[in-house]
file data.txt (compact mmCIF, C-alpha atoms)
# COMPACT_ATOMS: atom_id res chain seq x y z
CA MET A 192 0.00 0.00 0.00
CA ARG A 193 1.35 3.41 -0.94
CA LYS A 194 1.93 5.88 1.86
CA ILE A 195 0.94 9.45 1.11
CA TYR A 196 1.63 12.57 3.13
CA TYR A 197 -1.51 14.56 3.80
CA GLY A 198 -0.44 18.11 4.53
CA TYR A 199 -2.33 21.05 5.92
CA ASP A 200 -2.88 22.68 2.51
CA THR A 201 -4.56 19.55 1.18
CA PHE A 202 -6.60 19.34 4.37
CA ARG A 203 -7.79 22.90 3.89
CA GLN A 204 -8.71 22.27 0.26
CA ASP A 205 -10.53 19.06 1.15
CA LEU A 206 -12.50 20.75 3.93
CA LYS A 207 -13.61 23.38 1.43
CA ILE A 208 -14.87 20.56 -0.78
CA LEU A 209 -16.52 18.87 2.19
CA VAL A 210 -18.50 21.96 3.22
CA GLN A 211 -19.71 22.28 -0.38
CA LYS A 212 -21.04 18.73 -0.17
CA ILE A 213 -22.72 18.95 3.22
CA ASP A 214 -26.34 19.79 2.38
CA ARG A 215 -28.05 19.39 5.74
CA GLU A 216 -28.35 21.75 8.66
CA PHE A 217 -26.91 20.76 12.01
CA ASP A 218 -26.55 22.43 15.39
CA THR A 219 -23.75 20.34 16.90
CA ILE A 220 -20.42 18.99 15.70
CA LEU A 221 -19.08 15.87 17.36
CA ALA A 222 -15.45 14.90 16.82
CA ILE A 223 -14.40 11.31 17.18
CA ALA A 224 -11.10 11.77 19.02
CA ARG A 225 -8.41 11.94 18.07
CA GLY A 226 -8.86 11.77 14.28
CA GLY A 227 -11.80 14.16 14.04
CA LEU A 228 -10.54 16.91 16.36
CA SER A 229 -8.90 19.25 13.83
CA ILE A 230 -11.80 18.81 11.40
CA ALA A 231 -14.34 19.63 14.12
CA HIS A 232 -12.34 22.70 15.11
CA MET A 233 -12.23 24.12 11.58
CA LEU A 234 -15.88 23.28 10.83
CA GLY A 235 -17.07 24.73 14.13
CA GLU A 236 -15.42 28.02 13.22
CA TYR A 237 -16.66 27.90 9.63
CA TYR A 238 -20.29 27.24 10.58
CA ASN A 239 -20.04 29.46 13.64
CA ILE A 240 -21.21 26.61 15.86
CA ARG A 241 -19.96 26.70 19.43
CA ALA A 242 -21.39 23.28 20.27
CA VAL A 243 -18.28 21.40 19.20
CA TYR A 244 -17.88 18.29 21.31
CA ALA A 245 -15.66 15.24 21.37
CA ILE A 246 -16.25 11.56 22.00
CA ASN A 247 -13.66 8.87 22.71
CA THR A 248 -13.35 5.28 21.57
CA ILE A 249 -10.95 2.45 22.27
CA GLY A 250 -10.65 -0.43 19.85
CA TYR A 251 -9.35 -3.81 20.94
CA GLU A 252 -9.50 -7.46 19.88
CA ASP A 253 -11.58 -9.77 22.03
CA THR A 254 -10.75 -13.43 22.72
CA GLN A 255 -12.36 -14.43 19.41
CA LYS A 256 -10.09 -11.95 17.60
CA LEU A 257 -13.10 -9.82 16.76
CA GLN A 258 -12.64 -6.08 16.76
CA ASN A 259 -14.48 -4.45 19.64
CA VAL A 260 -14.95 -0.75 20.19
CA THR A 261 -15.71 0.87 23.53
CA VAL A 262 -17.23 4.34 23.46
CA PHE A 263 -16.78 6.79 26.35
CA ASN A 264 -16.98 10.47 27.26
CA VAL A 265 -20.32 10.84 25.51
CA PRO A 266 -21.20 14.55 25.63
CA ASP A 267 -24.56 15.90 26.72
CA LEU A 268 -26.65 16.09 23.55
CA HIS A 269 -30.01 16.85 25.13
CA ARG A 270 -30.24 20.20 23.37
CA SER A 271 -28.87 18.88 20.07
CA LYS A 272 -31.34 18.05 17.33
CA HIS A 273 -28.97 17.48 14.41
CA VAL A 274 -25.44 16.30 15.09
CA LEU A 275 -22.65 16.13 12.53
CA ILE A 276 -20.18 13.42 13.55
CA VAL A 277 -16.73 13.93 12.02
CA ASP A 278 -13.72 11.69 11.67
CA ASP A 279 -10.62 11.66 9.49
CA ILE A 280 -11.30 8.29 7.88
CA VAL A 281 -14.05 5.70 7.77
CA ASP A 282 -11.92 2.59 7.33
CA SER A 283 -13.50 -0.63 8.63
CA GLY A 284 -16.46 1.40 9.90
CA ASP A 285 -16.30 -0.37 13.28
CA THR A 286 -15.79 2.85 15.22
CA ILE A 287 -18.62 4.77 13.56
CA VAL A 288 -21.04 1.85 13.86
CA GLU A 289 -20.40 1.58 17.59
CA VAL A 290 -20.51 5.34 18.17
CA LEU A 291 -23.84 5.56 16.31
CA LYS A 292 -25.23 2.62 18.29
CA VAL A 293 -24.41 4.25 21.62
CA LEU A 294 -25.61 7.70 20.57
CA LYS A 295 -28.91 6.51 19.09
CA GLN A 296 -29.59 4.50 22.22
CA MET A 297 -28.99 7.51 24.46
CA TYR A 298 -30.56 10.11 22.14
CA PRO A 299 -33.26 8.40 20.05
CA GLN A 300 -34.81 11.75 19.06
CA THR A 301 -31.59 13.18 17.64
CA ASN A 302 -30.50 12.99 14.00
CA PHE A 303 -26.91 11.99 13.35
CA TYR A 304 -24.96 12.61 10.16
CA ILE A 305 -21.43 11.51 9.36
CA ALA A 306 -18.73 13.38 7.49
CA SER A 307 -15.16 12.26 6.89
CA LEU A 308 -12.20 13.15 4.73
CA PHE A 309 -11.55 9.58 3.62
CA TYR A 310 -13.79 6.58 3.10
CA LYS A 311 -12.83 3.02 2.31
CA LYS A 312 -15.45 1.39 0.11
CA SER A 313 -15.21 -1.86 2.07
CA ALA A 314 -16.35 -0.18 5.30
CA LYS A 315 -19.50 -1.45 7.03
CA ILE A 316 -21.07 1.98 6.86
CA ALA A 317 -20.74 4.92 4.48
CA PRO A 318 -20.44 8.51 5.68
CA ASP A 319 -23.15 10.88 4.47
CA TRP A 320 -20.40 13.06 3.01
CA TYR A 321 -16.72 12.44 2.34
CA VAL A 322 -14.04 13.81 0.08
CA LYS A 323 -11.68 11.05 -1.01
CA ASP A 324 -11.54 7.29 -1.38
CA ALA A 325 -9.02 5.73 0.98
CA GLU A 326 -6.73 3.74 -1.28
CA ASP A 327 -3.37 4.54 0.29
CA TRP A 328 -2.00 4.72 3.76
CA VAL A 329 -2.53 8.34 4.77
CA SER A 330 0.06 10.13 6.95
CA PHE A 331 -1.93 13.05 8.31
CA PHE A 332 -0.06 16.26 9.12
CA TRP A 333 -1.28 16.15 12.70
CA THR A 334 0.50 12.81 13.13
CA VAL A 335 3.83 13.62 11.54
CA ASP A 336 4.37 17.38 11.41
CA LEU A 337 5.80 17.79 14.91
CA LEU A 338 8.20 14.90 14.48
CA GLY A 339 10.39 16.31 11.68
CA GLU A 340 13.01 19.02 12.02
CA MET B 289 -4.78 46.72 18.25
CA ARG B 290 -2.96 45.13 15.35
CA LYS B 291 -4.52 42.09 13.77
CA ILE B 292 -2.11 39.34 12.82
CA TYR B 293 -2.77 36.24 10.75
CA TYR B 294 -1.63 33.11 12.51
CA GLY B 295 -1.12 30.47 9.85
CA TYR B 296 -0.55 26.76 10.09
CA ASP B 297 3.22 26.99 9.57
CA THR B 298 3.57 29.36 12.51
CA PHE B 299 1.31 27.09 14.56
CA ARG B 300 3.53 24.12 13.78
CA GLN B 301 6.68 26.04 14.70
CA ASP B 302 5.13 27.30 17.92
CA LEU B 303 3.99 23.81 18.93
CA LYS B 304 7.55 22.60 18.45
CA ILE B 305 8.67 25.34 20.83
CA LEU B 306 5.88 24.46 23.26
CA VAL B 307 6.85 20.78 23.47
CA GLN B 308 10.43 21.84 24.18
CA LYS B 309 9.19 23.89 27.11
CA ILE B 310 6.84 21.34 28.63
CA ASP B 311 8.96 19.64 31.28
CA ARG B 312 6.39 17.55 33.13
CA GLU B 313 4.93 14.16 32.36
CA PHE B 314 1.20 13.84 31.80
CA ASP B 315 -1.13 11.03 30.83
CA THR B 316 -4.11 13.02 29.54
CA ILE B 317 -4.60 16.02 27.27
CA LEU B 318 -7.71 18.11 27.76
CA ALA B 319 -8.69 20.61 25.08
CA ILE B 320 -10.78 23.60 25.99
CA ALA B 321 -13.16 23.68 23.01
CA ARG B 322 -13.04 25.11 20.55
CA GLY B 323 -9.70 26.97 20.82
CA GLY B 324 -7.65 24.07 22.15
CA LEU B 325 -8.89 21.33 19.82
CA SER B 326 -6.23 21.48 17.10
CA ILE B 327 -3.46 21.83 19.69
CA ALA B 328 -4.74 18.81 21.62
CA HIS B 329 -4.92 16.80 18.41
CA MET B 330 -1.31 17.53 17.42
CA LEU B 331 0.05 17.05 20.94
CA GLY B 332 -1.86 13.80 21.41
CA GLU B 333 -0.21 12.42 18.30
CA TYR B 334 3.21 13.81 19.24
CA TYR B 335 3.19 12.34 22.75
CA ASN B 336 1.37 9.21 21.59
CA ILE B 337 -1.37 9.81 24.14
CA ARG B 338 -4.78 8.46 23.20
CA ALA B 339 -6.50 10.05 26.21
CA VAL B 340 -7.25 13.31 24.39
CA TYR B 341 -10.47 14.78 25.72
CA ALA B 342 -12.43 17.99 25.33
CA ILE B 343 -14.32 20.23 27.72
CA ASN B 344 -16.78 23.00 26.87
CA THR B 345 -17.36 26.43 28.30
CA ILE B 346 -19.84 29.21 27.70
CA GLY B 347 -19.03 32.74 28.72
CA TYR B 348 -21.75 35.28 29.37
CA GLU B 349 -22.31 38.53 31.24
CA ASP B 350 -24.52 38.38 34.32
CA THR B 351 -26.87 41.14 35.46
CA GLN B 352 -23.95 42.90 37.19
CA LYS B 353 -22.03 42.86 33.88
CA LEU B 354 -19.56 40.44 35.38
CA GLN B 355 -18.12 37.78 33.11
CA ASN B 356 -19.40 34.33 34.05
CA VAL B 357 -18.20 31.05 32.65
CA THR B 358 -20.19 27.82 32.67
CA VAL B 359 -18.25 24.59 32.24
CA PHE B 360 -19.88 21.47 30.78
CA ASN B 361 -19.08 18.13 29.16
CA VAL B 362 -16.46 17.36 31.77
CA PRO B 363 -14.78 14.10 30.67
CA ASP B 364 -14.20 11.13 32.97
CA LEU B 365 -10.77 11.72 34.51
CA HIS B 366 -10.83 8.97 37.12
CA ARG B 367 -7.87 7.21 35.55
CA SER B 368 -5.97 10.43 34.85
CA LYS B 369 -3.20 11.43 37.26
CA HIS B 370 -1.62 14.30 35.35
CA VAL B 371 -3.73 16.31 32.92
CA LEU B 372 -2.40 18.86 30.46
CA ILE B 373 -5.10 21.44 29.74
CA VAL B 374 -4.58 23.22 26.42
CA ASP B 375 -6.08 26.35 24.93
CA ASP B 376 -5.10 28.73 22.16
CA ILE B 377 -4.89 31.82 24.33
CA VAL B 378 -5.07 32.73 28.01
CA ASP B 379 -6.58 36.20 27.70
CA SER B 380 -8.57 37.35 30.74
CA GLY B 381 -7.98 33.94 32.34
CA ASP B 382 -11.67 33.66 33.27
CA THR B 383 -12.16 30.45 31.31
CA ILE B 384 -9.11 28.66 32.70
CA VAL B 385 -9.89 29.75 36.28
CA GLU B 386 -13.40 28.33 36.06
CA VAL B 387 -12.32 25.13 34.30
CA LEU B 388 -9.67 24.53 36.98
CA LYS B 389 -12.16 25.20 39.75
CA VAL B 390 -14.61 22.65 38.39
CA LEU B 391 -11.95 20.04 37.65
CA LYS B 392 -10.20 20.34 41.03
CA GLN B 393 -13.53 20.02 42.79
CA MET B 394 -14.41 16.85 40.88
CA TYR B 395 -10.89 15.39 40.81
CA PRO B 396 -9.00 16.63 43.89
CA GLN B 397 -6.30 13.94 43.49
CA THR B 398 -5.42 14.88 39.92
CA ASN B 399 -2.67 17.30 38.90
CA PHE B 400 -3.56 19.85 36.28
CA TYR B 401 -1.12 21.78 34.10
CA ILE B 402 -1.90 24.47 31.56
CA ALA B 403 -0.30 25.09 28.18
CA SER B 404 -1.29 27.71 25.63
CA LEU B 405 0.09 29.33 22.52
CA PHE B 406 -0.61 32.88 23.68
CA TYR B 407 -0.75 34.50 27.09
CA LYS B 408 -1.81 38.00 27.99
CA LYS B 409 0.18 39.27 30.96
CA SER B 410 -2.92 40.88 32.47
CA ALA B 411 -4.69 37.50 32.79
CA LYS B 412 -5.80 36.30 36.24
CA ILE B 413 -3.77 33.14 35.87
CA ALA B 414 -0.60 32.22 34.01
CA PRO B 415 -0.25 29.01 32.03
CA ASP B 416 2.56 26.69 33.10
CA TRP B 417 3.93 26.91 29.57
CA TYR B 418 3.18 29.20 26.66
CA VAL B 419 4.91 30.41 23.54
CA LYS B 420 4.04 34.03 22.81
CA ASP B 421 2.76 37.13 24.54
CA ALA B 422 -0.65 38.17 23.27
CA GLU B 423 -0.18 41.76 22.16
CA ASP B 424 -2.17 41.74 18.94
CA TRP B 425 -5.52 40.41 17.85
CA VAL B 426 -4.74 36.93 16.56
CA SER B 427 -6.63 35.55 13.55
CA PHE B 428 -6.03 31.83 13.88
CA PHE B 429 -5.94 29.75 10.69
CA TRP B 430 -8.74 27.55 11.99
CA THR B 431 -10.99 30.60 12.16
CA VAL B 432 -10.27 32.15 8.78
CA ASP B 433 -8.76 29.56 6.43
CA LEU B 434 -12.04 28.09 5.18
CA LEU B 435 -13.55 31.50 4.53
CA GLY B 436 -11.16 32.71 1.78
CA GLU B 437 -11.21 31.62 -1.84
call {"tool": "encode", "arguments": {"input": "data.txt", "output": "structure tokens"}}
result
Amino acid sequence: MRKIYYGYDTFRQDLKILVQKIDREFDTILAIARGGLSIAHMLGEYYNIRAVYAINTIGYEDTQKLQNVTVFNVPDLHRSKHVLIVDDIVDSGDTIVEVLKVLKQMYPQTNFYIASLFYKKSAKIAPDWYVKDAEDWVSFFWTVDLLGE
Amino acid sequence: MRKIYYGYDTFRQDLKILVQKIDREFDTILAIARGGLSIAHMLGEYYNIRAVYAINTIGYEDTQKLQNVTVFNVPDLHRSKHVLIVDDIVDSGDTIVEVLKVLKQMYPQTNFYIASLFYKKSAKIAPDWYVKDAEDWVSFFWTVDLLGE
């Protein structure tokens, strides 16, 4: 698999494409940490939404070697009617599926939408909006930019 | 007051300075949303810390025209011993003071440190580490970069 560097300028361009695609109103932005944090920050500013929250997940293999995801730090969404969940990449889809399951259980009246930069066609769930197909290994700037000289 | 554009490249350089200054160990990074989200994301990756959380605040004037800050979406910090709180700027200090008050009340055994990019000397509280004095009005890239052409 090719490894591509995903720099800030590309990120900015892709977010501009993403906001062109997003054709629903929402009152809350929910970042899946860590991958969705920078996206949520930029979109919160762009849409002038102060309700920018984060949610955490841990993925691990159980004894049957199945991928399990635990969701924690669920924010208070009682005043949220339409929530845009953001992540960098929808890969297997395991994380998003579990996050949605937990959120819909806790907030059955709330609408949830999903936006991501990358989407792998083999994922269990498709985001409502995304920018690029995930065909390569993506080295995001937030992962590598502080490591170099 | 001068208005300066604070672009991603400057942000990256300043974060490299910040991590050189930070001389304490911590196990958790807590972003004050929205301003601290991108910082928390980059630092979480740099330090390889998955416990990157967010906390929300709302500032408002009360009937006496005093600035009040309400803190909400406090994450679960029961397993956190040393928490690095991050924000873009410590200006009046009102937000940080209130966040610290709430956190210390809920988690009296936990150590809290504060890191920011900017610090205004007139603030009620100083961050443990910061990079630049806030003398101008700062237009952060996350606020303005999606608005241009």
call {"tool": "closest_atom_pairs", "arguments": {"input": "data.txt", "of": "chain B", "to": "chain A", "cutoff": "8 Å", "atoms": "only C-alpha atoms", "output": "tab-separated table"}}
result
residue	atom	partner	partner_atom	distance
B:Tyr296	CA	A:Tyr199	CA	7.3
B:Arg300	CA	A:Leu337	CA	6.8
B:Leu303	CA	A:Leu337	CA	7.5
B:Lys304	CA	A:Leu337	CA	6.2
B:Ala321	CA	A:Val243	CA	6.8
B:Arg322	CA	A:His232	CA	6.0
B:Gly323	CA	A:His232	CA	7.6
B:Leu325	CA	A:Leu228	CA	5.9
B:Ser326	CA	A:Ser229	CA	4.8
B:His329	CA	A:Leu228	CA	6.0
B:Met330	CA	A:Trp333	CA	4.9
B:Gly332	CA	A:Arg225	CA	7.6
B:Glu333	CA	A:Thr334	CA	5.2
B:Tyr334	CA	A:Leu337	CA	6.4
B:Arg338	CA	A:Arg225	CA	7.2
B:Val340	CA	A:Arg225	CA	6.6
B:Tyr341	CA	A:Ala245	CA	6.8
B:Ala342	CA	A:Ala245	CA	5.8
B:Ile343	CA	A:Tyr244	CA	7.6
B:Asn344	CA	A:Tyr244	CA	7.4
B:Asn361	CA	A:Pro266	CA	5.5
B:Pro363	CA	A:Asn264	CA	5.4
B:Asp364	CA	A:Asn264	CA	6.4
B:Trp430	CA	A:Met233	CA	4.9
B:Thr431	CA	A:Glu236	CA	5.2
B:Val432	CA	A:Tyr237	CA	7.7
B:Asp433	CA	A:Arg203	CA	7.2
B:Leu434	CA	A:Lys207	CA	6.2
B:Leu435	CA	A:Tyr237	CA	7.0
call {"tool": "residues_around", "arguments": {"input": "data.txt", "residues": "Leu275 (chain A)", "least_positions_apart": "2", "cutoff": "7 Å", "atoms": "all atoms listed in the file", "output": "list in words"}}
result
Phe217, Thr219, Ile220, Leu221, His273, Val277, Phe303, Tyr304, Ile305 and Ala306 of chain A
call {"tool": "calpha_fit_and_write", "arguments": {"input": "data.txt", "fixed": "chain A", "moving": "chain B", "output": "mmCIF file with C-alpha atoms, in the frame of the given file"}}
result
data_model
loop_
_atom_site.group_PDB
_atom_site.id
_atom_site.type_symbol
_atom_site.label_atom_id
_atom_site.label_comp_id
_atom_site.auth_asym_id
_atom_site.auth_seq_id
_atom_site.Cartn_x
_atom_site.Cartn_y
_atom_site.Cartn_z
ATOM 1 C CA MET B 289 0.031 0.028 -0.006
ATOM 2 C CA ARG B 290 1.357 3.439 -0.933
ATOM 3 C CA LYS B 291 1.928 5.903 1.855
ATOM 4 C CA ILE B 292 0.922 9.465 1.102
ATOM 5 C CA TYR B 293 1.631 12.590 3.118
ATOM 6 C CA TYR B 294 -1.506 14.564 3.793
ATOM 7 C CA GLY B 295 -0.438 18.116 4.537
ATOM 8 C CA TYR B 296 -2.333 21.057 5.916
ATOM 9 C CA ASP B 297 -2.884 22.694 2.518
ATOM 10 C CA THR B 298 -4.555 19.563 1.181
ATOM 11 C CA PHE B 299 -6.602 19.337 4.378
ATOM 12 C CA ARG B 300 -7.791 22.904 3.908
ATOM 13 C CA GLN B 301 -8.713 22.278 0.273
ATOM 14 C CA ASP B 302 -10.530 19.070 1.148
ATOM 15 C CA LEU B 303 -12.504 20.755 3.935
ATOM 16 C CA LYS B 304 -13.619 23.382 1.441
ATOM 17 C CA ILE B 305 -14.878 20.566 -0.775
ATOM 18 C CA LEU B 306 -16.529 18.873 2.203
ATOM 19 C CA VAL B 307 -18.503 21.971 3.220
ATOM 20 C CA GLN B 308 -19.721 22.283 -0.366
ATOM 21 C CA LYS B 309 -21.052 18.745 -0.170
ATOM 22 C CA ILE B 310 -22.731 18.960 3.218
ATOM 23 C CA ASP B 311 -26.335 19.804 2.377
ATOM 24 C CA ARG B 312 -28.045 19.413 5.741
ATOM 25 C CA GLU B 313 -28.347 21.779 8.660
ATOM 26 C CA PHE B 314 -26.911 20.767 12.014
ATOM 27 C CA ASP B 315 -26.549 22.434 15.384
ATOM 28 C CA THR B 316 -23.752 20.335 16.893
ATOM 29 C CA ILE B 317 -20.416 18.983 15.694
ATOM 30 C CA LEU B 318 -19.079 15.865 17.359
ATOM 31 C CA ALA B 319 -15.452 14.896 16.813
ATOM 32 C CA ILE B 320 -14.405 11.303 17.167
ATOM 33 C CA ALA B 321 -11.105 11.751 19.027
ATOM 34 C CA ARG B 322 -8.427 11.941 18.078
ATOM 35 C CA GLY B 323 -8.867 11.765 14.275
ATOM 36 C CA GLY B 324 -11.801 14.153 14.027
ATOM 37 C CA LEU B 325 -10.552 16.895 16.350
ATOM 38 C CA SER B 326 -8.911 19.236 13.835
ATOM 39 C CA ILE B 327 -11.811 18.815 11.402
ATOM 40 C CA ALA B 328 -14.347 19.624 14.122
ATOM 41 C CA HIS B 329 -12.344 22.686 15.117
ATOM 42 C CA MET B 330 -12.237 24.112 11.581
ATOM 43 C CA LEU B 331 -15.872 23.277 10.831
ATOM 44 C CA GLY B 332 -17.057 24.732 14.134
ATOM 45 C CA GLU B 333 -15.414 28.018 13.238
ATOM 46 C CA TYR B 334 -16.649 27.897 9.636
ATOM 47 C CA TYR B 335 -20.281 27.254 10.574
ATOM 48 C CA ASN B 336 -20.034 29.469 13.654
ATOM 49 C CA ILE B 337 -21.197 26.609 15.853
ATOM 50 C CA ARG B 338 -19.948 26.703 19.426
ATOM 51 C CA ALA B 339 -21.398 23.279 20.272
ATOM 52 C CA VAL B 340 -18.269 21.396 19.191
ATOM 53 C CA TYR B 341 -17.881 18.285 21.305
ATOM 54 C CA ALA B 342 -15.658 15.227 21.369
ATOM 55 C CA ILE B 343 -16.256 11.547 22.004
ATOM 56 C CA ASN B 344 -13.670 8.849 22.696
ATOM 57 C CA THR B 345 -13.330 5.282 21.553
ATOM 58 C CA ILE B 346 -10.951 2.443 22.271
ATOM 59 C CA GLY B 347 -10.619 -0.423 19.855
ATOM 60 C CA TYR B 348 -9.349 -3.804 20.966
ATOM 61 C CA GLU B 349 -9.470 -7.445 19.919
ATOM 62 C CA ASP B 350 -11.552 -9.781 22.064
ATOM 63 C CA THR B 351 -10.723 -13.421 22.770
ATOM 64 C CA GLN B 352 -12.344 -14.425 19.456
ATOM 65 C CA LYS B 353 -10.056 -11.949 17.645
ATOM 66 C CA LEU B 354 -13.063 -9.838 16.802
ATOM 67 C CA GLN B 355 -12.610 -6.083 16.773
ATOM 68 C CA ASN B 356 -14.467 -4.452 19.656
ATOM 69 C CA VAL B 357 -14.951 -0.759 20.191
ATOM 70 C CA THR B 358 -15.716 0.873 23.529
ATOM 71 C CA VAL B 359 -17.233 4.347 23.450
ATOM 72 C CA PHE B 360 -16.778 6.783 26.345
ATOM 73 C CA ASN B 361 -16.980 10.467 27.243
ATOM 74 C CA VAL B 362 -20.313 10.828 25.502
ATOM 75 C CA PRO B 363 -21.188 14.554 25.627
ATOM 76 C CA ASP B 364 -24.563 15.905 26.735
ATOM 77 C CA LEU B 365 -26.648 16.098 23.557
ATOM 78 C CA HIS B 366 -30.016 16.864 25.123
ATOM 79 C CA ARG B 367 -30.240 20.209 23.367
ATOM 80 C CA SER B 368 -28.865 18.888 20.075
ATOM 81 C CA LYS B 369 -31.342 18.062 17.307
ATOM 82 C CA HIS B 370 -28.972 17.481 14.404
ATOM 83 C CA VAL B 371 -25.434 16.295 15.093
ATOM 84 C CA LEU B 372 -22.647 16.130 12.537
ATOM 85 C CA ILE B 373 -20.182 13.412 13.539
ATOM 86 C CA VAL B 374 -16.733 13.930 12.024
ATOM 87 C CA ASP B 375 -13.725 11.673 11.674
ATOM 88 C CA ASP B 376 -10.638 11.648 9.490
ATOM 89 C CA ILE B 377 -11.307 8.295 7.873
ATOM 90 C CA VAL B 378 -14.063 5.688 7.765
ATOM 91 C CA ASP B 379 -11.933 2.577 7.314
ATOM 92 C CA SER B 380 -13.511 -0.638 8.615
ATOM 93 C CA GLY B 381 -16.465 1.403 9.898
ATOM 94 C CA ASP B 382 -16.312 -0.368 13.274
ATOM 95 C CA THR B 383 -15.793 2.856 15.204
ATOM 96 C CA ILE B 384 -18.614 4.780 13.539
ATOM 97 C CA VAL B 385 -21.035 1.839 13.854
ATOM 98 C CA GLU B 386 -20.409 1.585 17.586
ATOM 99 C CA VAL B 387 -20.514 5.348 18.165
ATOM 100 C CA LEU B 388 -23.846 5.557 16.316
ATOM 101 C CA LYS B 389 -25.243 2.636 18.276
ATOM 102 C CA VAL B 390 -24.402 4.250 21.599
ATOM 103 C CA LEU B 391 -25.606 7.704 20.571
ATOM 104 C CA LYS B 392 -28.913 6.506 19.085
ATOM 105 C CA GLN B 393 -29.599 4.499 22.214
ATOM 106 C CA MET B 394 -28.993 7.506 24.463
ATOM 107 C CA TYR B 395 -30.554 10.103 22.150
ATOM 108 C CA PRO B 396 -33.256 8.397 20.057
ATOM 109 C CA GLN B 397 -34.798 11.758 19.052
ATOM 110 C CA THR B 398 -31.582 13.189 17.635
ATOM 111 C CA ASN B 399 -30.505 12.988 13.993
ATOM 112 C CA PHE B 400 -26.936 11.988 13.347
ATOM 113 C CA TYR B 401 -24.968 12.613 10.159
ATOM 114 C CA ILE B 402 -21.442 11.512 9.352
ATOM 115 C CA ALA B 403 -18.730 13.388 7.482
ATOM 116 C CA SER B 404 -15.163 12.259 6.891
ATOM 117 C CA LEU B 405 -12.210 13.148 4.725
ATOM 118 C CA PHE B 406 -11.553 9.575 3.611
ATOM 119 C CA TYR B 407 -13.795 6.578 3.098
ATOM 120 C CA LYS B 408 -12.830 3.025 2.307
ATOM 121 C CA LYS B 409 -15.454 1.392 0.107
ATOM 122 C CA SER B 410 -15.198 -1.866 2.056
ATOM 123 C CA ALA B 411 -16.348 -0.179 5.296
ATOM 124 C CA LYS B 412 -19.501 -1.447 7.036
ATOM 125 C CA ILE B 413 -21.067 1.981 6.847
ATOM 126 C CA ALA B 414 -20.757 4.918 4.473
ATOM 127 C CA PRO B 415 -20.464 8.497 5.676
ATOM 128 C CA ASP B 416 -23.157 10.887 4.467
ATOM 129 C CA TRP B 417 -20.413 13.048 2.989
ATOM 130 C CA TYR B 418 -16.740 12.450 2.337
ATOM 131 C CA VAL B 419 -14.048 13.800 0.073
ATOM 132 C CA LYS B 420 -11.679 11.049 -1.027
ATOM 133 C CA ASP B 421 -11.531 7.295 -1.385
ATOM 134 C CA ALA B 422 -9.016 5.733 0.973
ATOM 135 C CA GLU B 423 -6.720 3.747 -1.290
ATOM 136 C CA ASP B 424 -3.367 4.552 0.271
ATOM 137 C CA TRP B 425 -1.998 4.731 3.774
ATOM 138 C CA VAL B 426 -2.537 8.348 4.777
ATOM 139 C CA SER B 427 0.048 10.126 6.944
ATOM 140 C CA PHE B 428 -1.938 13.043 8.307
ATOM 141 C CA PHE B 429 -0.060 16.259 9.105
ATOM 142 C CA TRP B 430 -1.274 16.133 12.694
ATOM 143 C CA THR B 431 0.484 12.797 13.118
ATOM 144 C CA VAL B 432 3.833 13.603 11.543
ATOM 145 C CA ASP B 433 4.363 17.373 11.414
ATOM 146 C CA LEU B 434 5.793 17.767 14.918
ATOM 147 C CA LEU B 435 8.192 14.872 14.480
ATOM 148 C CA GLY B 436 10.372 16.309 11.665
ATOM 149 C CA GLU B 437 13.069 18.929 12.066
#
call {"tool": "atom_distance", "arguments": {"input": "data.txt", "atom1": "CA of Glu423 (chain B)", "atom2": "CA of Leu405 (chain B)"}}
result
12.4 Å
call {"tool": "atom_distance", "arguments": {"input": "data.txt", "atom1": "CA of Met192 (chain A)", "atom2": "CA of Thr254 (chain A)"}}
result
28.5 Å
call {"tool": "atom_distance", "arguments": {"input": "data.txt", "atom1": "CA of Trp320 (chain A)", "atom2": "CA of Phe428 (chain B)"}}
result
26.0 Å
call {"tool": "residues_around", "arguments": {"input": "data.txt", "residues": "Ser313 (chain A)", "least_positions_apart": "2", "cutoff": "8 Å", "atoms": "only C-alpha atoms", "output": "list in words"}}
result
Asp282, Ser283, Lys311 and Lys315 of chain A
call {"tool": "axis_aligned_box", "arguments": {"input": "data.txt", "around": "region 290-305 of chain B", "padding_each_side": "6 Å", "output": "JSON"}}
result
{"center_x": 2.1, "center_y": 33.9, "center_z": 15.2, "size_x": 25.2, "size_y": 34.5, "size_z": 23.3}
call {"tool": "closest_residue", "arguments": {"input": "data.txt", "among": "B:Ile413, B:Ala422, B:Gly381, B:Ser404", "to": "Ile305 (chain B)", "atoms": "all atoms listed in the file"}}
result
B:Ser404
